[in-house]
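Peer 1: File coords36.pdb follows (PDB, C-alpha atoms):
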```pdb
ATOM      1  CA  MET A   1       3.251  53.605  -2.873  1.00  0.00           C
ATOM      2  CA  GLY A   2       3.952  55.424   0.407  1.00  0.00           C
ATOM      3  CA  GLY A   3       4.887  53.012   3.178  1.00  0.00           C
ATOM      4  CA  LYS A   4       4.533  53.780   6.829  1.00  0.00           C
ATOM      5  CA  GLN A   5       7.667  55.070   8.593  1.00  0.00           C
ATOM      6  CA  THR A   6       9.358  52.281  10.565  1.00  0.00           C
ATOM      7  CA  VAL A   7      10.595  53.580  13.912  1.00  0.00           C
ATOM      8  CA  PHE A   8      11.633  50.229  15.441  1.00  0.00           C
ATOM      9  CA  THR A   9      12.145  46.730  14.163  1.00  0.00           C
ATOM     10  CA  ALA A  10       9.599  44.210  15.429  1.00  0.00           C
ATOM     11  CA  ALA A  11      12.341  42.708  17.635  1.00  0.00           C
ATOM     12  CA  GLN A  12      13.216  46.104  19.152  1.00  0.00           C
ATOM     13  CA  LEU A  13       9.588  46.852  19.928  1.00  0.00           C
ATOM     14  CA  GLU A  14       9.137  43.406  21.464  1.00  0.00           C
ATOM     15  CA  GLU A  15      12.257  43.909  23.612  1.00  0.00           C
ATOM     16  CA  TYR A  16      11.005  47.283  24.849  1.00  0.00           C
ATOM     17  CA  GLN A  17       7.703  45.661  25.716  1.00  0.00           C
ATOM     18  CA  ASP A  18       9.458  42.804  27.575  1.00  0.00           C
ATOM     19  CA  CYS A  19      11.602  45.258  29.572  1.00  0.00           C
ATOM     20  CA  SER A  20       8.830  47.649  30.573  1.00  0.00           C
ATOM     21  CA  PHE A  21       5.264  47.753  31.831  1.00  0.00           C
ATOM     22  CA  PHE A  22       4.009  49.164  28.519  1.00  0.00           C
ATOM     23  CA  THR A  23       2.101  47.990  25.478  1.00  0.00           C
ATOM     24  CA  LYS A  24       3.552  48.543  22.011  1.00  0.00           C
ATOM     25  CA  LYS A  25       1.141  51.445  21.529  1.00  0.00           C
ATOM     26  CA  GLU A  26       2.321  53.093  24.784  1.00  0.00           C
ATOM     27  CA  ILE A  27       5.968  52.570  23.795  1.00  0.00           C
ATOM     28  CA  MET A  28       5.317  54.330  20.497  1.00  0.00           C
ATOM     29  CA  ARG A  29       3.553  57.188  22.301  1.00  0.00           C
ATOM     30  CA  LEU A  30       6.551  57.541  24.645  1.00  0.00           C
ATOM     31  CA  PHE A  31       8.980  57.425  21.719  1.00  0.00           C
ATOM     32  CA  TYR A  32       7.154  60.332  20.063  1.00  0.00           C
ATOM     33  CA  ARG A  33       7.123  62.157  23.405  1.00  0.00           C
ATOM     34  CA  TYR A  34      10.926  61.659  23.602  1.00  0.00           C
ATOM     35  CA  GLN A  35      11.386  62.699  19.975  1.00  0.00           C
ATOM     36  CA  ASP A  36       9.289  65.844  20.513  1.00  0.00           C
ATOM     37  CA  LEU A  37      11.702  66.988  23.238  1.00  0.00           C
ATOM     38  CA  ALA A  38      14.547  67.320  20.724  1.00  0.00           C
ATOM     39  CA  PRO A  39      13.311  66.738  17.143  1.00  0.00           C
ATOM     40  CA  GLN A  40      16.601  67.994  15.676  1.00  0.00           C
ATOM     41  CA  LEU A  41      18.516  65.424  17.759  1.00  0.00           C
ATOM     42  CA  VAL A  42      16.265  62.345  17.911  1.00  0.00           C
ATOM     43  CA  PRO A  43      15.802  60.536  14.585  1.00  0.00           C
ATOM     44  CA  LEU A  44      12.454  59.061  13.589  1.00  0.00           C
ATOM     45  CA  ASP A  45      14.213  55.817  12.609  1.00  0.00           C
ATOM     46  CA  TYR A  46      15.623  53.828  15.541  1.00  0.00           C
ATOM     47  CA  THR A  47      16.138  50.592  13.630  1.00  0.00           C
ATOM     48  CA  GLY A  48      19.885  51.271  13.572  1.00  0.00           C
ATOM     49  CA  GLY A  49      19.997  51.789  17.342  1.00  0.00           C
ATOM     50  CA  PRO A  50      21.325  55.371  17.394  1.00  0.00           C
ATOM     51  CA  ARG A  51      23.103  56.498  20.573  1.00  0.00           C
ATOM     52  CA  VAL A  52      21.284  59.770  21.154  1.00  0.00           C
ATOM     53  CA  LYS A  53      20.863  61.549  24.481  1.00  0.00           C
ATOM     54  CA  VAL A  54      18.338  64.275  25.178  1.00  0.00           C
ATOM     55  CA  PRO A  55      19.935  66.914  27.440  1.00  0.00           C
ATOM     56  CA  LEU A  56      18.969  67.231  31.117  1.00  0.00           C
ATOM     57  CA  GLU A  57      17.573  70.731  30.547  1.00  0.00           C
ATOM     58  CA  LEU A  58      14.963  69.369  28.132  1.00  0.00           C
ATOM     59  CA  ILE A  59      14.117  66.361  30.326  1.00  0.00           C
ATOM     60  CA  VAL A  60      13.463  68.457  33.453  1.00  0.00           C
ATOM     61  CA  SER A  61      11.347  70.949  31.510  1.00  0.00           C
ATOM     62  CA  MET A  62       8.845  68.281  30.379  1.00  0.00           C
ATOM     63  CA  PRO A  63       5.330  68.953  31.702  1.00  0.00           C
ATOM     64  CA  GLU A  64       5.460  65.606  33.535  1.00  0.00           C
ATOM     65  CA  LEU A  65       8.510  66.700  35.561  1.00  0.00           C
ATOM     66  CA  LYS A  66       8.754  70.491  35.501  1.00  0.00           C
ATOM     67  CA  ASP A  67       6.850  70.974  38.772  1.00  0.00           C
ATOM     68  CA  ASN A  68       8.414  68.008  40.547  1.00  0.00           C
ATOM     69  CA  PRO A  69      10.900  69.170  43.212  1.00  0.00           C
ATOM     70  CA  PHE A  70      13.002  66.061  42.478  1.00  0.00           C
ATOM     71  CA  ARG A  71      13.074  66.483  38.686  1.00  0.00           C
ATOM     72  CA  GLN A  72      16.854  66.840  38.478  1.00  0.00           C
ATOM     73  CA  ARG A  73      17.505  63.859  40.779  1.00  0.00           C
ATOM     74  CA  ILE A  74      14.985  61.756  38.846  1.00  0.00           C
ATOM     75  CA  ALA A  75      16.773  62.530  35.572  1.00  0.00           C
ATOM     76  CA  GLN A  76      20.171  61.840  37.144  1.00  0.00           C
ATOM     77  CA  VAL A  77      19.095  58.527  38.665  1.00  0.00           C
ATOM     78  CA  PHE A  78      17.560  57.218  35.450  1.00  0.00           C
ATOM     79  CA  SER A  79      20.365  58.402  33.140  1.00  0.00           C
ATOM     80  CA  GLU A  80      23.063  55.824  32.567  1.00  0.00           C
ATOM     81  CA  ASP A  81      25.917  58.250  33.316  1.00  0.00           C
ATOM     82  CA  GLY A  82      24.174  59.987  36.224  1.00  0.00           C
ATOM     83  CA  ASP A  83      24.329  63.326  34.399  1.00  0.00           C
ATOM     84  CA  GLY A  84      20.605  63.546  33.614  1.00  0.00           C
ATOM     85  CA  HIS A  85      21.086  63.293  29.840  1.00  0.00           C
ATOM     86  CA  MET A  86      18.794  60.475  28.709  1.00  0.00           C
ATOM     87  CA  THR A  87      18.861  57.896  25.985  1.00  0.00           C
ATOM     88  CA  LEU A  88      15.533  56.514  24.789  1.00  0.00           C
ATOM     89  CA  ASP A  89      16.166  53.426  26.960  1.00  0.00           C
ATOM     90  CA  ASN A  90      16.675  55.657  30.035  1.00  0.00           C
ATOM     91  CA  PHE A  91      13.524  57.609  29.187  1.00  0.00           C
ATOM     92  CA  LEU A  92      11.437  54.447  28.831  1.00  0.00           C
ATOM     93  CA  ASP A  93      12.895  53.049  32.080  1.00  0.00           C
ATOM     94  CA  MET A  94      11.955  56.233  33.933  1.00  0.00           C
ATOM     95  CA  PHE A  95       8.382  56.187  32.674  1.00  0.00           C
ATOM     96  CA  SER A  96       8.111  52.445  33.273  1.00  0.00           C
ATOM     97  CA  VAL A  97       9.202  52.666  36.921  1.00  0.00           C
ATOM     98  CA  MET A  98       6.944  55.670  37.437  1.00  0.00           C
ATOM     99  CA  SER A  99       3.969  53.960  35.790  1.00  0.00           C
ATOM    100  CA  GLU A 100       1.010  52.737  37.779  1.00  0.00           C
ATOM    101  CA  MET A 101       1.874  49.172  36.712  1.00  0.00           C
ATOM    102  CA  ALA A 102       5.314  49.100  38.353  1.00  0.00           C
ATOM    103  CA  PRO A 103       5.433  47.112  41.614  1.00  0.00           C
ATOM    104  CA  ARG A 104       5.897  48.844  44.963  1.00  0.00           C
ATOM    105  CA  ASP A 105       9.361  47.350  45.621  1.00  0.00           C
ATOM    106  CA  LEU A 106      10.707  48.640  42.286  1.00  0.00           C
ATOM    107  CA  LYS A 107       9.280  52.092  42.964  1.00  0.00           C
ATOM    108  CA  ALA A 108      10.731  52.042  46.493  1.00  0.00           C
ATOM    109  CA  TYR A 109      14.174  51.087  45.142  1.00  0.00           C
ATOM    110  CA  TYR A 110      14.204  54.052  42.756  1.00  0.00           C
ATOM    111  CA  ALA A 111      12.706  56.442  45.314  1.00  0.00           C
ATOM    112  CA  PHE A 112      15.557  55.432  47.633  1.00  0.00           C
ATOM    113  CA  LYS A 113      18.105  56.209  44.901  1.00  0.00           C
ATOM    114  CA  ILE A 114      16.444  59.568  44.215  1.00  0.00           C
ATOM    115  CA  TYR A 115      16.481  60.544  47.914  1.00  0.00           C
ATOM    116  CA  ASP A 116      20.090  59.357  48.355  1.00  0.00           C
ATOM    117  CA  PHE A 117      21.524  62.695  47.242  1.00  0.00           C
ATOM    118  CA  ASN A 118      25.117  61.923  48.214  1.00  0.00           C
ATOM    119  CA  GLN A 119      24.896  58.507  46.511  1.00  0.00           C
ATOM    120  CA  ASP A 120      26.422  56.518  49.377  1.00  0.00           C
ATOM    121  CA  ASP A 121      23.675  53.841  49.326  1.00  0.00           C
ATOM    122  CA  PHE A 122      22.169  55.152  52.568  1.00  0.00           C
ATOM    123  CA  ILE A 123      19.784  57.982  53.333  1.00  0.00           C
ATOM    124  CA  CYS A 124      21.553  60.011  56.022  1.00  0.00           C
ATOM    125  CA  ALA A 125      20.368  63.105  57.901  1.00  0.00           C
ATOM    126  CA  TRP A 126      21.724  65.374  55.131  1.00  0.00           C
ATOM    127  CA  ASP A 127      19.834  63.402  52.439  1.00  0.00           C
ATOM    128  CA  LEU A 128      16.685  63.648  54.558  1.00  0.00           C
ATOM    129  CA  GLU A 129      17.152  67.409  54.916  1.00  0.00           C
ATOM    130  CA  GLN A 130      17.391  67.735  51.127  1.00  0.00           C
ATOM    131  CA  THR A 131      14.289  65.562  50.726  1.00  0.00           C
ATOM    132  CA  VAL A 132      12.162  67.344  53.349  1.00  0.00           C
ATOM    133  CA  THR A 133      13.181  70.773  52.051  1.00  0.00           C
ATOM    134  CA  ARG A 134      12.128  69.799  48.524  1.00  0.00           C
ATOM    135  CA  LEU A 135       8.908  68.091  49.646  1.00  0.00           C
ATOM    136  CA  THR A 136       7.859  71.144  51.642  1.00  0.00           C
ATOM    137  CA  ARG A 137       9.132  73.502  48.910  1.00  0.00           C
ATOM    138  CA  GLY A 138      11.238  75.371  51.474  1.00  0.00           C
ATOM    139  CA  GLU A 139       8.297  76.307  53.681  1.00  0.00           C
ATOM    140  CA  LEU A 140       9.835  74.845  56.855  1.00  0.00           C
ATOM    141  CA  GLY A 141      12.602  76.555  58.760  1.00  0.00           C
ATOM    142  CA  PRO A 142      15.922  74.792  59.468  1.00  0.00           C
ATOM    143  CA  GLU A 143      14.851  73.742  62.981  1.00  0.00           C
ATOM    144  CA  GLU A 144      11.551  72.290  61.715  1.00  0.00           C
ATOM    145  CA  VAL A 145      13.384  70.384  58.968  1.00  0.00           C
ATOM    146  CA  ARG A 146      15.842  69.018  61.526  1.00  0.00           C
ATOM    147  CA  LEU A 147      12.998  67.864  63.799  1.00  0.00           C
ATOM    148  CA  VAL A 148      11.221  66.096  60.921  1.00  0.00           C
ATOM    149  CA  CYS A 149      14.470  64.365  59.934  1.00  0.00           C
ATOM    150  CA  GLU A 150      15.120  63.264  63.513  1.00  0.00           C
ATOM    151  CA  LYS A 151      11.592  61.861  63.744  1.00  0.00           C
ATOM    152  CA  VAL A 152      11.986  59.929  60.475  1.00  0.00           C
ATOM    153  CA  LEU A 153      15.308  58.471  61.592  1.00  0.00           C
ATOM    154  CA  ASP A 154      13.918  57.663  65.017  1.00  0.00           C
ATOM    155  CA  GLU A 155      10.997  55.748  63.518  1.00  0.00           C
ATOM    156  CA  ALA A 156      12.613  54.112  60.479  1.00  0.00           C
ATOM    157  CA  ASP A 157      16.276  53.480  61.362  1.00  0.00           C
ATOM    158  CA  SER A 158      15.983  49.863  62.547  1.00  0.00           C
ATOM    159  CA  ASP A 159      19.654  49.381  63.466  1.00  0.00           C
ATOM    160  CA  HIS A 160      20.065  52.882  64.963  1.00  0.00           C
ATOM    161  CA  ASP A 161      23.138  53.758  62.909  1.00  0.00           C
ATOM    162  CA  GLY A 162      21.833  57.245  62.099  1.00  0.00           C
ATOM    163  CA  ARG A 163      20.939  56.484  58.490  1.00  0.00           C
ATOM    164  CA  LEU A 164      18.399  54.525  56.477  1.00  0.00           C
ATOM    165  CA  SER A 165      19.394  51.470  54.505  1.00  0.00           C
ATOM    166  CA  LEU A 166      17.330  50.361  51.526  1.00  0.00           C
ATOM    167  CA  GLU A 167      15.639  47.814  53.816  1.00  0.00           C
ATOM    168  CA  ASP A 168      14.778  50.518  56.385  1.00  0.00           C
ATOM    169  CA  PHE A 169      13.383  52.690  53.610  1.00  0.00           C
ATOM    170  CA  GLN A 170      11.309  49.869  52.094  1.00  0.00           C
ATOM    171  CA  SER A 171       9.822  49.080  55.527  1.00  0.00           C
ATOM    172  CA  MET A 172       8.913  52.740  55.939  1.00  0.00           C
ATOM    173  CA  ILE A 173       7.306  52.825  52.478  1.00  0.00           C
ATOM    174  CA  LEU A 174       5.170  49.794  53.329  1.00  0.00           C
ATOM    175  CA  ARG A 175       3.577  51.929  56.036  1.00  0.00           C
ATOM    176  CA  ALA A 176       2.868  54.780  53.583  1.00  0.00           C
ATOM    177  CA  PRO A 177      -0.399  53.898  51.805  1.00  0.00           C
ATOM    178  CA  ASP A 178      -0.246  56.899  49.457  1.00  0.00           C
ATOM    179  CA  PHE A 179       3.281  56.135  48.182  1.00  0.00           C
ATOM    180  CA  LEU A 180       2.102  54.234  45.091  1.00  0.00           C
ATOM    181  CA  SER A 181      -0.318  56.963  44.088  1.00  0.00           C
ATOM    182  CA  THR A 182       2.259  59.748  44.443  1.00  0.00           C
ATOM    183  CA  PHE A 183       5.306  58.047  42.922  1.00  0.00           C
ATOM    184  CA  HIS A 184       4.107  57.968  39.315  1.00  0.00           C
ATOM    185  CA  ILE A 185       3.927  59.860  36.044  1.00  0.00           C
ATOM    186  CA  ARG A 186       0.967  59.413  33.708  1.00  0.00           C
ATOM    187  CA  ILE A 187       1.657  58.911  30.028  1.00  0.00           C
TER     188      ILE A 187
END
```
Show this structure as structure tokens.
Peer 2:
Amino acid sequence: MGGKQTVFTAAQLEEYQDCSFFTKKEIMRLFYRYQDLAPQLVPLDYTGGPRVKVPLELIVSMPELKDNPFRQRIAQVFSEDGDGHMTLDNFLDMFSVMSEMAPRDLKAYYAFKIYDFNQDDFICAWDLEQTVTRLTRGELGPEEVRLVCEKVLDEADSDHDGRLSLEDFQSMILRAPDFLSTFHIRI
């Protein structure tokens, strides 16, 4: 009598559902998506809670990320060690935050972390330059990038300290109606 392969215990699946914006069916689909990235590395049985990490190179080459100019930063921000190598939990967190069900403030928090390239908890002129260059795919010259960055800081830097705090960034995002539709990955 051939039983069905058990990937997760009922408790594990329930916990994943409680900690994400996904149904059990979507969690299973994402697990198989994760497992397909590195079948030789990721076991089909997670009931023992294996500590497996899929390498950054495989994460950033996924169809969902490969054309995203922030793919490496996204992987780094969602990986627990900041190196871009992802556990299943990291992978599910990334897809959960990028899902259409995630609230705006959660998306804004992670967008802020992604755009904070130097990881100093502020978005400074240098971080903005990195962001604008990636968003425009290098089509603007250095002077144009600098002018865009100055304009952003001028409009969004509420305390005029030359950098954006998380609060400044969230206020700016509130004025960007297309943010929610662009900051997501479909599963």
Peer 1: Using the chain letters and numbers from this file, what does the PyMOL selection byres ((chain A and resi 38) around 12) select? Give the answer as a PyMOL selection string.
Peer 2: chain A and resi 31-37+39-44+52-59+61-62+85-88
Peer 1: I'd like the neighbourhood of region 93-103 of chain A as a PDB file with C-alpha atoms, keeping the file's coordinate frame, where a residue qualifies if any of its atoms comes within 9 Å (using all atoms listed in the file), though same-chain residues fewer than 6 positions away should be ignored.
Peer 2:
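File written: part38.pdb
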```
ATOM      1  CA  CYS A  19      11.602  45.258  29.572  1.00  0.00           C
ATOM      2  CA  SER A  20       8.830  47.649  30.573  1.00  0.00           C
ATOM      3  CA  PHE A  21       5.264  47.753  31.831  1.00  0.00           C
ATOM      4  CA  PHE A  22       4.009  49.164  28.519  1.00  0.00           C
ATOM      5  CA  LEU A  30       6.551  57.541  24.645  1.00  0.00           C
ATOM      6  CA  ILE A  74      14.985  61.756  38.846  1.00  0.00           C
ATOM      7  CA  ALA A  75      16.773  62.530  35.572  1.00  0.00           C
ATOM      8  CA  VAL A  77      19.095  58.527  38.665  1.00  0.00           C
ATOM      9  CA  PHE A  78      17.560  57.218  35.450  1.00  0.00           C
ATOM     10  CA  SER A  79      20.365  58.402  33.140  1.00  0.00           C
ATOM     11  CA  TYR A 110      14.204  54.052  42.756  1.00  0.00           C
ATOM     12  CA  LEU A 180       2.102  54.234  45.091  1.00  0.00           C
ATOM     13  CA  SER A 181      -0.318  56.963  44.088  1.00  0.00           C
ATOM     14  CA  PHE A 183       5.306  58.047  42.922  1.00  0.00           C
ATOM     15  CA  HIS A 184       4.107  57.968  39.315  1.00  0.00           C
ATOM     16  CA  ILE A 185       3.927  59.860  36.044  1.00  0.00           C
ATOM     17  CA  ARG A 186       0.967  59.413  33.708  1.00  0.00           C
ATOM     18  CA  ILE A 187       1.657  58.911  30.028  1.00  0.00           C
TER      19      ILE A 187
END
```
Peer 1: Ranking A:Thr131, A:Thr23, A:Leu13, A:Arg104 by minimum distance to Val152 (chain A) and counting all atoms listed in the file, which one comes first?
Peer 2: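 So, comparing all the options, the nearest one is A:Thr131.
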Peer 1: On this structure, which residues satisfy the PyMOL selection byres ((chain A and resi 162) around 12), written as a PyMOL selection string?
Peer 2: chain A and resi 122-128+149-161+163-165+168
Peer 1: Anything within 9 Å of (10.4, 56.0, 49.5): list those residues as a list in words, counting only C-alpha atoms and sticking to the file's coordinates.
Peer 2: Lys107, Ala108, Tyr109, Tyr110, Ala111, Phe112, Lys113, Ile114, Tyr115, Phe169, Gln170, Met172, Ile173, Leu174, Ala176, Phe179 and Phe183 of chain A
Peer 1: To one decimal place in Å, what is the distance between CA of Leu106 (chain A) and CA of Ala11 (chain A)?
Peer 2: 25.4 Å
Peer 1: Quick one: pull the distance between CA of Gln119 (chain A) and CA of Glu167 (chain A), Å, one decimal.
Peer 2: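 These two atoms are separated by 15.9 Å.
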Peer 1: Interatomic distance between CA of Asn118 (chain A) and CA of Gln130 (chain A)?
Peer 2: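 Answer for the CA of Asn118 (chain A) to CA of Gln130 (chain A) separation: 10.1 Å.
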Peer 1: Tell me, as a ChimeraX atom specification, which residues lie within 12 Å of region 135-140 of chain A, counting all atoms listed in the file; anything in the same chain fewer than 6 positions away does not count.
Peer 2: /A:67-71,115,128-129,146-149,182
Peer 1: Tell me which of A:Glu14, A:Asp121, A:Glu143, A:Asp116 sits closest to Gln76 (chain A), counting all atoms listed in the file.
Peer 2: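 That would be A:Asp116, the residue with the smallest distance to Gln76 (chain A).
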Peer 1: Check the smallest atom-to-atom distance from each of A:Val145, A:Ser171, A:Thr9, A:Val60 to Phe91 (chain A) using all atoms listed in the file, then report the winner.
Peer 2: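 Nearest to Phe91 (chain A): A:Val60.
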